[in-house]
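Next comes query06.txt, with compact mmCIF, C-alpha atoms and all ligand atoms.
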```txt
# COMPACT_ATOMS: atom_id res chain seq x y z
CA MET A 1065 0.00 0.00 0.00
CA THR A 1066 1.37 3.38 -0.87
CA THR A 1067 0.72 6.32 1.39
CA TYR A 1068 0.68 9.93 0.30
CA ARG A 1069 2.83 11.88 2.73
CA LEU A 1070 1.47 15.38 3.15
CA PRO A 1071 4.31 17.80 2.32
CA THR A 1072 5.72 19.62 5.35
CA ASP A 1073 4.78 23.04 3.97
CA ALA A 1074 1.15 21.95 3.52
CA ARG A 1075 0.78 21.28 7.26
CA PRO A 1076 0.87 24.73 8.93
CA PRO A 1077 -2.51 25.92 7.55
CA LEU A 1078 -4.09 22.77 8.98
CA GLN A 1079 -3.19 23.99 12.46
CA LEU A 1080 -4.68 27.47 12.16
CA ARG A 1081 -8.10 26.49 13.46
CA THR A 1082 -8.66 24.26 16.49
CA PHE A 1083 -11.69 22.66 18.03
CA THR A 1084 -12.17 20.74 21.25
CA ALA A 1085 -13.73 17.37 21.90
CA ASP A 1086 -16.87 18.91 23.38
CA LEU A 1087 -17.88 20.27 19.96
CA ALA A 1088 -21.06 18.42 18.98
CA PRO A 1089 -20.80 16.18 15.89
CA ASP A 1090 -23.23 18.45 14.02
CA ALA A 1091 -21.46 21.69 14.98
CA TRP A 1092 -18.23 21.35 12.98
CA PRO A 1093 -18.08 24.33 10.61
CA PRO A 1094 -18.40 23.30 6.96
CA GLU A 1095 -16.29 26.20 5.63
CA PRO A 1096 -12.60 25.67 4.86
CA VAL A 1097 -10.04 27.37 7.07
CA GLY A 1098 -9.46 30.86 5.71
CA ASP A 1099 -5.76 30.81 4.97
CA SER A 1100 -4.65 28.11 2.56
CA THR A 1101 -1.23 28.02 0.97
CA PRO A 1102 -0.04 26.99 -2.50
CA ALA A 1103 1.40 23.83 -0.92
CA LEU A 1104 -1.92 22.84 0.67
CA ALA A 1105 -3.82 23.66 -2.52
CA ALA A 1106 -1.41 21.48 -4.51
CA ALA A 1107 -1.79 18.63 -2.01
CA CYS A 1108 -5.58 18.86 -2.31
CA ARG A 1109 -5.33 18.71 -6.11
CA GLU A 1110 -3.18 15.59 -5.85
CA ILE A 1111 -5.59 13.84 -3.47
CA THR A 1112 -8.58 14.85 -5.61
CA HIS A 1113 -6.88 13.53 -8.74
CA GLU A 1114 -6.22 10.16 -7.08
CA LEU A 1115 -9.87 9.89 -6.04
CA ARG A 1116 -11.31 10.92 -9.39
CA GLU A 1117 -8.89 9.66 -12.02
CA GLY A 1118 -6.58 7.31 -10.13
CA ARG A 1119 -7.27 4.19 -8.12
CA GLY A 1120 -10.18 5.88 -6.30
CA TRP A 1121 -8.75 5.84 -2.80
CA THR A 1122 -5.73 7.13 -0.96
CA VAL A 1123 -4.16 7.15 2.47
CA VAL A 1124 -2.81 10.54 3.49
CA ASP A 1125 -0.20 10.63 6.22
CA THR A 1126 -0.58 14.07 7.73
CA GLY A 1127 2.70 13.87 9.66
CA LEU A 1128 0.74 15.28 12.62
CA ALA A 1129 0.40 12.15 14.77
CA ASP A 1130 2.20 13.89 17.62
CA LEU A 1131 -0.55 16.47 18.08
CA THR A 1132 -3.12 15.99 20.83
CA ASP A 1133 -6.38 14.26 19.88
CA ASP A 1134 -8.07 17.66 19.65
CA GLY A 1135 -5.22 19.03 17.51
CA LEU A 1136 -5.32 16.02 15.22
CA CYS A 1137 -9.11 16.05 14.83
CA SER A 1138 -8.92 19.78 14.08
CA ALA A 1139 -6.18 19.35 11.47
CA THR A 1140 -8.14 16.48 9.92
CA TRP A 1141 -11.22 18.66 9.69
CA ASN A 1142 -9.21 21.53 8.22
CA LEU A 1143 -7.85 19.22 5.52
CA PHE A 1144 -11.26 17.69 4.85
CA THR A 1145 -12.95 21.07 4.41
CA ALA A 1146 -10.12 22.17 2.10
CA LEU A 1147 -10.92 19.17 -0.10
CA CYS A 1148 -14.65 18.69 0.25
CA ARG A 1149 -17.91 20.28 1.18
CA PRO A 1150 -18.95 18.17 4.20
CA VAL A 1151 -22.38 16.57 4.10
CA PRO A 1152 -24.33 15.21 7.10
CA GLN A 1153 -23.98 11.53 7.91
CA TYR A 1154 -27.45 11.14 9.35
CA ARG A 1155 -30.69 13.04 9.14
CA THR A 1156 -29.68 14.53 12.49
CA GLY A 1157 -26.83 16.45 10.84
CA GLU A 1158 -23.61 14.87 12.18
CA LEU A 1159 -20.57 16.06 10.21
CA LEU A 1160 -17.65 14.51 12.11
CA TYR A 1161 -18.61 11.26 13.74
CA PRO A 1162 -16.68 8.95 16.08
CA VAL A 1163 -16.25 5.39 14.88
CA GLU A 1164 -15.29 3.39 17.94
CA VAL A 1165 -16.74 0.63 20.04
CA SER A 1166 -19.15 2.11 22.50
CA SER A 1167 -21.57 0.76 25.04
CA ALA A 1168 -23.55 4.00 24.91
CA PRO A 1169 -26.84 3.99 23.01
CA THR A 1170 -26.47 5.34 19.49
CA LEU A 1171 -28.60 5.98 16.47
CA GLY A 1172 -29.91 2.70 15.13
CA SER A 1173 -28.43 3.32 11.71
CA SER A 1174 -24.97 3.82 13.25
CA HIS A 1175 -24.86 0.57 15.23
CA TYR A 1176 -22.21 -0.84 12.93
CA SER A 1177 -19.84 2.08 13.48
CA SER A 1178 -20.05 1.78 17.27
CA SER A 1179 -19.63 -1.99 17.35
CA SER A 1180 -16.89 -4.47 16.60
CA ARG A 1181 -18.97 -6.34 14.03
CA THR A 1182 -17.45 -7.29 10.70
CA GLY A 1183 -18.96 -8.25 7.36
CA GLY A 1184 -21.89 -6.24 6.07
CA TYR A 1185 -19.94 -4.66 3.22
CA HIS A 1186 -21.64 -1.46 2.20
CA THR A 1187 -21.66 2.00 0.71
CA ASP A 1188 -21.87 4.86 3.22
CA GLY A 1189 -24.92 7.12 3.28
CA THR A 1190 -27.35 4.93 1.29
CA LEU A 1191 -30.25 6.25 3.39
CA LEU A 1192 -29.49 9.88 2.66
CA ASP A 1193 -31.28 11.84 -0.02
CA VAL A 1194 -27.88 12.56 -1.54
CA THR A 1195 -25.26 9.84 -1.16
CA PRO A 1196 -21.83 11.36 -0.44
CA HIS A 1197 -19.19 11.05 -3.14
CA VAL A 1198 -16.24 10.92 -0.75
CA ALA A 1199 -15.93 9.12 2.57
CA MET A 1200 -13.11 9.64 5.03
CA LEU A 1201 -11.85 7.76 8.07
CA ALA A 1202 -9.13 9.41 10.14
CA GLY A 1203 -7.06 7.42 12.62
CA LEU A 1204 -6.61 8.28 16.29
CA SER A 1205 -5.52 4.83 17.43
CA THR A 1206 -5.53 1.22 16.27
CA ALA A 1207 -6.72 -1.85 18.16
CA ASP A 1208 -4.21 -4.36 19.55
CA GLU A 1209 -4.99 -6.67 16.67
CA GLY A 1210 -6.82 -6.33 13.36
CA GLY A 1211 -9.39 -3.67 12.55
CA GLU A 1212 -8.25 -2.92 9.02
CA THR A 1213 -10.76 -1.08 6.89
CA VAL A 1214 -11.30 -3.17 3.75
CA LEU A 1215 -12.13 -1.61 0.39
CA VAL A 1216 -13.62 -3.65 -2.47
CA ASP A 1217 -13.63 -2.13 -5.93
CA GLY A 1218 -17.23 -1.98 -7.17
CA HIS A 1219 -16.13 -1.51 -10.77
CA ALA A 1220 -14.42 -4.91 -10.64
CA LEU A 1221 -17.54 -6.40 -9.00
CA VAL A 1222 -19.73 -5.12 -11.82
CA ASP A 1223 -17.30 -6.36 -14.49
CA ARG A 1224 -17.23 -9.82 -12.98
CA MET A 1225 -20.96 -10.05 -12.51
CA GLU A 1226 -21.49 -8.91 -16.07
CA HIS A 1227 -19.63 -12.06 -17.14
CA THR A 1228 -20.87 -14.53 -14.55
CA ALA A 1229 -24.51 -13.54 -14.01
CA PRO A 1230 -25.66 -10.72 -16.30
CA GLU A 1231 -29.35 -11.37 -15.64
CA LEU A 1232 -28.81 -11.04 -11.88
CA LEU A 1233 -26.79 -7.86 -12.41
CA GLY A 1234 -29.83 -6.52 -14.26
CA LEU A 1235 -31.83 -6.79 -11.03
CA LEU A 1236 -29.25 -4.67 -9.20
CA ARG A 1237 -29.68 -2.02 -11.90
CA SER A 1238 -33.30 -1.41 -11.03
CA PRO A 1239 -34.45 0.80 -8.11
CA HIS A 1240 -34.82 -0.77 -4.67
CA PRO A 1241 -36.23 0.56 -1.40
CA PHE A 1242 -33.72 1.18 1.43
CA HIS A 1243 -34.79 1.54 5.04
CA SER A 1244 -32.91 1.79 8.33
CA GLY A 1245 -35.29 -0.46 10.22
CA ASP A 1246 -35.42 2.20 12.93
CA GLY A 1247 -39.14 2.71 13.18
CA ASP A 1248 -41.61 4.84 11.33
CA HIS A 1249 -39.89 8.21 11.42
CA ASP A 1250 -37.25 7.27 8.83
CA PRO A 1251 -38.38 7.48 5.21
CA VAL A 1252 -37.88 4.73 2.65
CA VAL A 1253 -35.27 5.90 0.15
CA GLU A 1254 -35.30 4.41 -3.32
CA HIS A 1255 -32.39 4.05 -5.71
CA GLU A 1256 -30.49 1.59 -7.86
CA ILE A 1257 -27.80 -0.61 -6.32
CA VAL A 1258 -25.75 -0.34 -9.51
CA GLU A 1259 -26.55 2.85 -11.33
CA ALA A 1260 -25.38 3.45 -14.89
CA SER A 1261 -23.58 6.76 -14.84
CA ALA A 1262 -21.73 8.73 -17.54
CA ASP A 1263 -18.76 6.40 -17.89
CA ARG A 1264 -18.64 4.21 -14.79
CA PRO A 1265 -21.27 2.58 -12.63
CA ARG A 1266 -22.15 4.13 -9.29
CA ILE A 1267 -22.63 1.64 -6.47
CA ARG A 1268 -24.95 2.13 -3.50
CA TYR A 1269 -25.25 -1.01 -1.41
CA LEU A 1270 -26.19 -2.07 2.08
CA ARG A 1271 -27.95 -5.41 2.09
CA ARG A 1272 -29.74 -5.07 5.44
CA TYR A 1273 -31.30 -1.76 4.40
CA ILE A 1274 -32.51 -3.29 1.14
CA GLU A 1275 -34.08 -6.23 2.96
CA GLN A 1276 -35.71 -3.85 5.42
CA GLY A 1277 -36.83 -1.60 2.60
CA HIS A 1278 -38.63 -4.47 0.86
CA ALA A 1279 -40.13 -5.61 4.18
CA ARG A 1280 -41.41 -2.10 4.81
CA ARG A 1281 -42.98 -2.07 1.37
CA GLY A 1282 -44.89 -5.12 2.49
CA GLY A 1283 -43.04 -7.81 0.63
CA GLU A 1284 -40.22 -10.25 1.10
CA MET A 1285 -37.48 -10.12 -1.45
CA ASP A 1286 -38.17 -12.61 -4.23
CA GLU A 1287 -35.85 -15.53 -4.91
CA LYS A 1288 -34.19 -13.87 -7.87
CA LEU A 1289 -33.27 -10.73 -5.96
CA THR A 1290 -31.97 -12.84 -3.07
CA ALA A 1291 -29.88 -14.79 -5.58
CA ALA A 1292 -28.57 -11.53 -7.06
CA LEU A 1293 -27.53 -10.20 -3.65
CA ASP A 1294 -25.98 -13.56 -2.74
CA ALA A 1295 -23.96 -13.48 -5.97
CA TRP A 1296 -22.90 -9.89 -5.27
CA ASP A 1297 -21.85 -10.77 -1.69
CA GLU A 1298 -19.93 -13.77 -2.97
CA LEU A 1299 -17.95 -11.52 -5.32
CA ILE A 1300 -17.29 -9.08 -2.47
CA ALA A 1301 -15.74 -11.95 -0.53
CA ALA A 1302 -13.20 -12.69 -3.30
CA PRO A 1303 -9.81 -12.17 -1.63
CA GLU A 1304 -8.16 -10.71 -4.75
CA LEU A 1305 -10.61 -7.79 -4.86
CA ARG A 1306 -10.05 -6.73 -1.26
CA THR A 1307 -7.69 -3.99 -0.14
CA PRO A 1308 -7.18 -3.96 3.64
CA VAL A 1309 -5.95 -0.67 5.06
CA LEU A 1310 -4.88 -0.20 8.67
CA ILE A 1311 -5.50 3.47 9.43
CA ARG A 1312 -2.84 4.55 11.91
CA ARG A 1313 -2.82 7.63 14.07
CA GLY A 1314 -2.27 10.71 11.91
CA GLN A 1315 -3.37 8.92 8.74
CA ILE A 1316 -6.55 9.55 6.80
CA LEU A 1317 -8.18 7.16 4.35
CA PHE A 1318 -10.23 8.84 1.64
CA TRP A 1319 -12.20 6.84 -0.91
CA ASP A 1320 -14.69 7.24 -3.73
CA ASN A 1321 -17.84 6.10 -1.95
CA PHE A 1322 -19.68 5.42 -5.23
CA ARG A 1323 -16.95 3.06 -6.35
CA PHE A 1324 -15.88 1.06 -3.29
CA VAL A 1325 -17.94 -0.94 -0.87
CA HIS A 1326 -16.18 -1.28 2.46
CA GLY A 1327 -16.11 -3.24 5.66
CA ARG A 1328 -13.46 -4.19 8.18
CA THR A 1329 -11.51 -7.11 9.56
CA PRO A 1330 -12.15 -8.42 13.09
CA PHE A 1331 -10.27 -6.66 15.84
CA VAL A 1332 -9.22 -7.21 19.44
CA GLU A 1333 -9.03 -4.37 21.95
CA ARG A 1334 -7.04 -5.30 25.04
CA THR A 1335 -4.91 -2.25 25.82
CA ALA A 1336 -5.59 -0.14 22.72
CA ARG A 1337 -8.86 0.89 21.11
CA ARG A 1338 -9.75 1.28 17.45
CA ARG A 1339 -10.67 4.95 17.31
CA LEU A 1340 -11.51 6.70 14.06
CA ARG A 1341 -13.31 9.84 12.96
CA ARG A 1342 -15.56 9.73 9.91
CA ALA A 1343 -16.74 12.41 7.51
CA TYR A 1344 -18.64 12.45 4.20
CA GLY A 1345 -18.25 15.07 1.54
CA VAL A 1346 -18.60 16.27 -2.01
CA ILE A 1347 -15.40 17.28 -3.77
CA THR A 1348 -15.30 21.01 -4.32
CA ALA A 1349 -12.15 21.30 -6.43
CA PRO A 1350 -12.83 22.06 -10.11
FE FE B 1 -19.28 2.58 6.46
```

What is this structure when it is put down as structure tokens?
Amino acid sequence: MTTYRLPTDARPPLQLRTFTADLAPDAWPPEPVGDSTPALAAACREITHELREGRGWTVVDTGLADLTDDGLCSATWNLFTALCRPVPQYRTGELLYPVEVSSAPTLGSSHYSSSSRTGGYHTDGTLLDVTPHVAMLAGLSTADEGGETVLVDGHALVDRMEHTAPELLGLLRSPHPFHSGDGDHDPVVEHEIVEASADRPRIRYLRRYIEQGHARRGGEMDEKLTAALDAWDELIAAPELRTPVLIRRGQILFWDNFRFVHGRTPFVERTARRRLRRAYGVITAP
């Protein structure tokens, strides 16, 4: 795995604005920090290029692992807002969200992020009216063992399914209802799982939400759709399509959320916890 090391002269503007841990997840300011520099602007162009035209994901090493947690979260946010316009992660407006095992009650739709469960490969934000283009996970600490984030290239999934089961792929190309399963207040959102877009397919997948969406519409999924999702999940499990990334302190994983489904490997927390911060955004660079 190659890591993009943020140039030294791109780092100072990331430390011009600081926030503290008591800032609510929905209160992070969406505007970029006022003073950028040519070095930071160039770094943002490079990251954007990798996401749009390159392999579709990148790990940025900020070189700022020695900062305090507040300093590191602030620098992460300053870089994110320089790259992207942040979009809420839930209907309740969270912009920077902790991903760590918690015993505290959380939003139903965020159970996965506050648990140590694995599997359930998915696209982020499938319940939102507008699915975010870019997803980010920033590292504060890693677990004692495991806990890699795993990316699976949806373009390769579509290519393979086109060859192995084109009629089942056709079912993924029609609209499906998605629902959180969290009661009546959440709407059912409808969209394709594999959407034909200008030149490349756009993937939006989370199997549990699709099953719950169909249940909410008053019907079980039929056998063919179940077979299509089984075939899709089987492709996701192919080892050669998986890219595991351990996000260390000071590192940030960015990926094209329409291209990659993601999950994680099992992890063990004895003395160290897997602590990440997540954000969604839309690229603002021209
Ligand atoms: Fe996710």

Give the answer as one residue: which of A:Thr1066, A:Thr1206, A:Ser1100, A:Ser1138 has the shortest atom-to-atom distance to A:Arg1081, using all atoms listed in the file?
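Of A:Thr1066, A:Thr1206, A:Ser1100, A:Ser1138, the one nearest A:Arg1081 is A:Ser1138, counting all atoms listed in the file.
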
Show which residues sit within 12 Å of A:Glu1275, as a list in words. Count only C-alpha atoms, and ignore same-chain residues fewer than 2 positions away.
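My reading of the contact set: His1240, Pro1241, Phe1242, His1243, Ser1244, Gly1245, Val1252, Tyr1269, Leu1270, Arg1271, Arg1272, Tyr1273, Gly1277, His1278, Ala1279, Arg1280, Arg1281, Gly1282, Gly1283, Glu1284, Met1285, Asp1286, Leu1289, Thr1290 and Leu1293 of chain A.
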
Could you list, as an MDAnalysis selection string, all protein and nucleic acid residues with an atom at most 7 Å from ligand FE 1 (chain B), counting all atoms listed in the file?
chainID A and resid 1186:1188 1326:1327

May I ask which of the residues A:Thr1307, A:Thr1213, A:Thr1072, A:Thr1329 is the closest one to A:Met1200, counting all atoms listed in the file?
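When distances to A:Met1200 are compared using all atoms listed in the file, the smallest one comes from A:Thr1213.
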
Pick from A:Leu1115, A:Ala1105, A:Ala1207, A:Ala1260, whichever lies nearest to A:Phe1324 using only C-alpha atoms:
A:Leu1115

Quick one: residues within 12 Å of (5.5, 7.0, 14.2) (file frame), counting all atoms listed in the file, please, as a VMD selection string.
chain A and resid 1125 to 1131 1205 1312 to 1315

Atom CA of A:Ala1202 and atom CA of A:Arg1341 are how many Å apart?
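The value is 5.1 Å.
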
Between stretch 1224-1335 of chain A and stretch 1150-1158 of chain A, at 12 Å or less, what are the per-residue closest atom pairs and their distances in Å? Count all atoms listed in the file, order by chain and rising residue number, and return it as a Markdown table.
```
| residue | atom | partner | partner_atom | distance |
| --- | --- | --- | --- | --- |
| A:Ser1244 | CA | A:Tyr1154 | CA | 10.9 |
| A:His1249 | CA | A:Arg1155 | CA | 10.6 |
| A:Asp1250 | CA | A:Arg1155 | CA | 8.7 |
| A:Pro1251 | CA | A:Arg1155 | CA | 10.3 |
```

List the neighbours of A:Pro1162 out to 10 Å using all atoms listed in the file; skip same-chain residues closer than 5 positions along the sequence, and give me the result as a ChimeraX atom specification.
/A:1089,1177-1178,1201-1202,1339-1343

Print the selection's residues with C-alpha atoms to a file, as an mmCIF file, in the coordinates of the input.
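Here's the written file again_10.cif:
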```
data_model
loop_
_atom_site.group_PDB
_atom_site.id
_atom_site.type_symbol
_atom_site.label_atom_id
_atom_site.label_comp_id
_atom_site.auth_asym_id
_atom_site.auth_seq_id
_atom_site.Cartn_x
_atom_site.Cartn_y
_atom_site.Cartn_z
ATOM 1 C CA PRO A 1089 -20.800 16.180 15.890
ATOM 2 C CA SER A 1177 -19.840 2.080 13.480
ATOM 3 C CA SER A 1178 -20.050 1.780 17.270
ATOM 4 C CA LEU A 1201 -11.850 7.760 8.070
ATOM 5 C CA ALA A 1202 -9.130 9.410 10.140
ATOM 6 C CA ARG A 1339 -10.670 4.950 17.310
ATOM 7 C CA LEU A 1340 -11.510 6.700 14.060
ATOM 8 C CA ARG A 1341 -13.310 9.840 12.960
ATOM 9 C CA ARG A 1342 -15.560 9.730 9.910
ATOM 10 C CA ALA A 1343 -16.740 12.410 7.510
#
```

State, in Å with one decimal place, the distance from atom CA of A:Ile1111 to atom CA of A:Glu1256.
28.1 Å

When you look at stretch 1216-1227 of chain A with a cut-off of 9 Å (counting all atoms listed in the file), what residues show up, excluding the ones that are within fewer than 6 positions of it in the same chain? I need them as a PyMOL selection string.
chain A and resi 1120+1185+1233-1234+1258+1264-1267+1295-1296+1299-1301+1305-1308+1322-1327

Please tell me which residues are no farther than 10 Å from (-2.7, 25.8, 6.5) in the file, counting all atoms listed in the file, and write them as a short mmCIF file (atom, residue, chain, number, x, y, z; two decimals) with C-alpha atoms, keeping the file's coordinate frame.
```
data_model
loop_
_atom_site.label_atom_id
_atom_site.label_comp_id
_atom_site.auth_asym_id
_atom_site.auth_seq_id
_atom_site.Cartn_x
_atom_site.Cartn_y
_atom_site.Cartn_z
CA ASP A 1073 4.78 23.04 3.97
CA ALA A 1074 1.15 21.95 3.52
CA ARG A 1075 0.78 21.28 7.26
CA PRO A 1076 0.87 24.73 8.93
CA PRO A 1077 -2.51 25.92 7.55
CA LEU A 1078 -4.09 22.77 8.98
CA GLN A 1079 -3.19 23.99 12.46
CA LEU A 1080 -4.68 27.47 12.16
CA ARG A 1081 -8.10 26.49 13.46
CA VAL A 1097 -10.04 27.37 7.07
CA GLY A 1098 -9.46 30.86 5.71
CA ASP A 1099 -5.76 30.81 4.97
CA SER A 1100 -4.65 28.11 2.56
CA THR A 1101 -1.23 28.02 0.97
CA PRO A 1102 -0.04 26.99 -2.50
CA ALA A 1103 1.40 23.83 -0.92
CA LEU A 1104 -1.92 22.84 0.67
CA ALA A 1105 -3.82 23.66 -2.52
CA ALA A 1139 -6.18 19.35 11.47
CA ASN A 1142 -9.21 21.53 8.22
CA LEU A 1143 -7.85 19.22 5.52
CA ALA A 1146 -10.12 22.17 2.10
#
```
